[in-house]
2 protein chains.
Amino acid sequence: MLARVSSAPAYKRLPRAVREQQMLDAAVKVFSRRGFHAASMDEIADDAGISKPMVYAYLGTKEELFVACLHREGTRMTEAIAGAAAPDLPADVRLWRGLRAFFSFVGAHRDGWAVLYRQARGSQPFAGELAAMRARLVEVVAGMLGHALRAEGREVGETELEVVAYALVGASESLADWLADHPEADPEKTATRMMNAAWLGAGQLLRGATWRPPHA
Amino acid sequence: MLARVSSAPAYKRLPRAVREQQMLDAAVKVFSRRGFHAASMDEIADDAGISKPMVYAYLGTKEELFVACLHREGTRMTEAIAGAAAPDLPADVRLWRGLRAFFSFVGAHRDGWAVLYRQARGSQPFAGELAAMRARLVEVVAGMLGHALRAEGREVGETELEVVAYALVGASESLADWLADHPEADPEKTATRMMNAAWLGAGQLLRGATWRPPHA
């Protein structure tokens, strides 16, 4: 997978990193359009304007390429979420921003979500990549809640925080699926709905309480 | 799959329904122990005390058998959840009972959950079976919340209810994974934690509020 490619005369010379991004862009597009099984390396190479042997040389087999797509998209998403939740804001605003970043990402990549993440969820070796991403998100959310608690001088066990974080991440993933299946649904409104369910709780919601996003 | 099997002289005659349950019991056990790919029809037939041709005749290919396992386990689980949440109880007690039934089921079938549900989540044709089960659970939860709201004379849109239900089901599924990976964790305590996250909301939790299960 890391073998050096000495030359590729038929194609314009570009830095390796740029080539790789082009291949991944093409691969995400083709996997999203066709699904993992029906996607062909020929179409990915064509779309990237790169020879098929070069795609194999740079990024390996179709499975490895799919894992690389998942890894890049997952990293982008996790960074968007972690970056949105600046540490100096109140906990609910941080959660809101993180959720908004998450649902905006899913809303902008509905097809990719439906294929990449659903495909990845159950089947090895993709499940491992997704589990790692989920673990990272759980860590971000648990860290954020722990930070907010310590700021109030309160202490909650690691397990309690982890469990709440798993619940939040799982609820968000489930709503992301819902969002991917509802092209008419608005990502920001979905984030607000998630805040209502997560922050106020269903019980508060039943009593008529509503959480509103702060004015930007 | 529904072909009649005229005779099986080497084995004791049993009603078809009993035979099928024996095969499914064996299949769930073997799939849980080996995973879908490594599981062999020979081992399943051996474990059920039934000839391999009869397993094929009754329940079809290995894929069809896996779907049949998922369907039976999923139906049992959904029925346990729906049955636990008697309609004449307050909404939070119903949710609590449903969650307790769910996490108790997962706790009693940790291996099965890890293999059957994780395997099923992403890969076709298993994903369809799991999606149907999830849709049924969302319907149960949304129906329960809608019922509680109407009892208070309030009306909430179908989409709002569906979104809250998706969030609850997704959060529970995520915690079920956590539970499957933590053999030392108590299912009932996990259900209480889920109530705290879902019913009171993370915000309420941060303010120190705690929901406690009613005395049985």
# chains A, B, ... in the order shown; residues from 1 in each chain; ligands from 1
$ interface_residues --of "chain A" --to "chain B" --cutoff "9 Å" --atoms "only C-alpha atoms" --output "PyMOL selection string"
chain A and resi 91-92+117-124+127+145+148-149+152+154+160+163-164+166-175+178+190+193-194+196-204+206-208
$ atom_distance --atom1 "atom CA of Leu24 of chain B" --atom2 "atom CA of Ala38 of chain B"
17.0 Å
$ closest_residue --among "A:Leu95, A:Phe103, A:Asp88, A:Pro183" --to "Ala151 of chain A" --atoms "only C-alpha atoms"
A:Asp88
$ atom_distance --atom1 "atom CA of Gln22 of chain B" --atom2 "atom CA of Ala84 of chain B"
26.5 Å
$ closest_residue --among "A:Ser104, A:Ala85, A:Gly112, A:Tyr58" --to "Ser32 of chain A" --atoms "only C-alpha atoms"
A:Gly112
$ select_by_dssp --residues "segment 52-210 of chain A" --states "helix (DSSP H, G or I)" --output "PyMOL selection string"
chain A and resi 52-59+62-84+91-108+110-122+126-151+158-181+187-206
$ atom_distance --atom1 "atom CA of Glu63 of chain B" --atom2 "atom CA of Val28 of chain B"
12.6 Å
$ residues_around --residues "Thr61 of chain B" --least-positions-apart "5" --cutoff "12 Å" --atoms "only C-alpha atoms" --output "count of residues only"
12
$ residues_around --residues "Lys29 of chain B" --least-positions-apart "2" --cutoff "12 Å" --atoms "only C-alpha atoms" --output "PyMOL selection string"
chain B and resi 22-27+31-36+39-40+43-48+66+69+73+109-113+115-116
$ write_last_selection --atoms "N, CA and C atoms" --output "mmCIF file, in the first residue's frame"
data_model
loop_
_atom_site.group_PDB
_atom_site.id
_atom_site.type_symbol
_atom_site.label_atom_id
_atom_site.label_comp_id
_atom_site.auth_asym_id
_atom_site.auth_seq_id
_atom_site.Cartn_x
_atom_site.Cartn_y
_atom_site.Cartn_z
ATOM 1 N N GLN B 22 -35.700 -25.806 17.569
ATOM 2 C CA GLN B 22 -34.426 -26.465 17.911
ATOM 3 C C GLN B 22 -33.313 -25.990 16.986
ATOM 4 N N MET B 23 -33.649 -25.899 15.694
ATOM 5 C CA MET B 23 -32.637 -25.454 14.729
ATOM 6 C C MET B 23 -32.232 -24.013 14.993
ATOM 7 N N LEU B 24 -33.234 -23.175 15.290
ATOM 8 C CA LEU B 24 -32.929 -21.766 15.551
ATOM 9 C C LEU B 24 -32.108 -21.618 16.832
ATOM 10 N N ASP B 25 -32.457 -22.408 17.871
ATOM 11 C CA ASP B 25 -31.656 -22.375 19.109
ATOM 12 C C ASP B 25 -30.205 -22.711 18.803
ATOM 13 N N ALA B 26 -30.023 -23.793 18.024
ATOM 14 C CA ALA B 26 -28.662 -24.217 17.681
ATOM 15 C C ALA B 26 -27.966 -23.147 16.843
ATOM 16 N N ALA B 27 -28.701 -22.579 15.894
ATOM 17 C CA ALA B 27 -28.100 -21.582 14.995
ATOM 18 C C ALA B 27 -27.673 -20.337 15.767
ATOM 19 N N PHE B 31 -23.865 -19.224 15.709
ATOM 20 C CA PHE B 31 -23.529 -17.907 15.158
ATOM 21 C C PHE B 31 -22.892 -17.022 16.235
ATOM 22 N N SER B 32 -23.427 -17.099 17.456
ATOM 23 C CA SER B 32 -22.896 -16.279 18.546
ATOM 24 C C SER B 32 -21.470 -16.679 18.885
ATOM 25 N N ARG B 33 -21.204 -17.992 18.797
ATOM 26 C CA ARG B 33 -19.892 -18.492 19.184
ATOM 27 C C ARG B 33 -18.860 -18.231 18.091
ATOM 28 N N ARG B 34 -19.278 -18.378 16.831
ATOM 29 C CA ARG B 34 -18.306 -18.361 15.722
ATOM 30 C C ARG B 34 -18.355 -17.102 14.866
ATOM 31 N N GLY B 35 -19.466 -16.360 14.915
ATOM 32 C CA GLY B 35 -19.676 -15.279 13.944
ATOM 33 C C GLY B 35 -20.300 -15.863 12.680
ATOM 34 N N PHE B 36 -20.891 -14.997 11.880
ATOM 35 C CA PHE B 36 -21.619 -15.491 10.707
ATOM 36 C C PHE B 36 -20.722 -16.253 9.744
ATOM 37 N N ALA B 39 -19.267 -19.682 11.093
ATOM 38 C CA ALA B 39 -20.261 -20.686 11.497
ATOM 39 C C ALA B 39 -20.485 -21.685 10.358
ATOM 40 N N SER B 40 -20.575 -22.983 10.689
ATOM 41 C CA SER B 40 -20.827 -23.969 9.631
ATOM 42 C C SER B 40 -22.189 -24.618 9.828
ATOM 43 N N GLU B 43 -22.059 -27.766 11.957
ATOM 44 C CA GLU B 43 -22.080 -27.608 13.406
ATOM 45 C C GLU B 43 -23.498 -27.301 13.899
ATOM 46 N N ILE B 44 -24.204 -26.474 13.129
ATOM 47 C CA ILE B 44 -25.582 -26.120 13.515
ATOM 48 C C ILE B 44 -26.471 -27.371 13.498
ATOM 49 N N ALA B 45 -26.338 -28.186 12.425
ATOM 50 C CA ALA B 45 -27.136 -29.413 12.319
ATOM 51 C C ALA B 45 -26.792 -30.367 13.468
ATOM 52 N N ASP B 46 -25.492 -30.543 13.729
ATOM 53 C CA ASP B 46 -25.038 -31.390 14.837
ATOM 54 C C ASP B 46 -25.649 -30.948 16.148
ATOM 55 N N ASP B 47 -25.521 -29.661 16.420
ATOM 56 C CA ASP B 47 -25.978 -29.105 17.691
ATOM 57 C C ASP B 47 -27.481 -29.291 17.855
ATOM 58 N N ALA B 48 -28.224 -29.173 16.739
ATOM 59 C CA ALA B 48 -29.681 -29.331 16.796
ATOM 60 C C ALA B 48 -30.081 -30.804 16.798
ATOM 61 N N PHE B 66 -29.617 -17.161 9.160
ATOM 62 C CA PHE B 66 -29.194 -16.028 9.990
ATOM 63 C C PHE B 66 -30.322 -14.996 10.101
ATOM 64 N N CYS B 69 -32.836 -16.241 12.483
ATOM 65 C CA CYS B 69 -32.383 -16.046 13.872
ATOM 66 C C CYS B 69 -32.644 -14.615 14.321
ATOM 67 N N GLU B 73 -35.121 -13.561 17.354
ATOM 68 C CA GLU B 73 -34.582 -12.859 18.520
ATOM 69 C C GLU B 73 -35.138 -11.435 18.592
ATOM 70 N N HIS B 109 -28.249 -11.926 26.755
ATOM 71 C CA HIS B 109 -27.809 -12.443 25.452
ATOM 72 C C HIS B 109 -26.620 -11.634 24.935
ATOM 73 N N ARG B 110 -25.665 -11.347 25.816
ATOM 74 C CA ARG B 110 -24.533 -10.503 25.414
ATOM 75 C C ARG B 110 -23.842 -11.006 24.157
ATOM 76 N N ASP B 111 -23.542 -12.312 24.115
ATOM 77 C CA ASP B 111 -22.833 -12.854 22.954
ATOM 78 C C ASP B 111 -23.678 -12.715 21.690
ATOM 79 N N GLY B 112 -24.945 -13.043 21.832
ATOM 80 C CA GLY B 112 -25.850 -12.953 20.692
ATOM 81 C C GLY B 112 -25.950 -11.530 20.179
ATOM 82 N N TRP B 113 -26.033 -10.582 21.105
ATOM 83 C CA TRP B 113 -26.110 -9.182 20.696
ATOM 84 C C TRP B 113 -24.861 -8.794 19.909
ATOM 85 N N VAL B 115 -22.810 -10.546 18.232
ATOM 86 C CA VAL B 115 -22.685 -11.125 16.892
ATOM 87 C C VAL B 115 -23.888 -10.784 16.023
ATOM 88 N N LEU B 116 -25.074 -11.175 16.490
ATOM 89 C CA LEU B 116 -26.250 -11.035 15.636
ATOM 90 C C LEU B 116 -26.474 -9.583 15.225
#
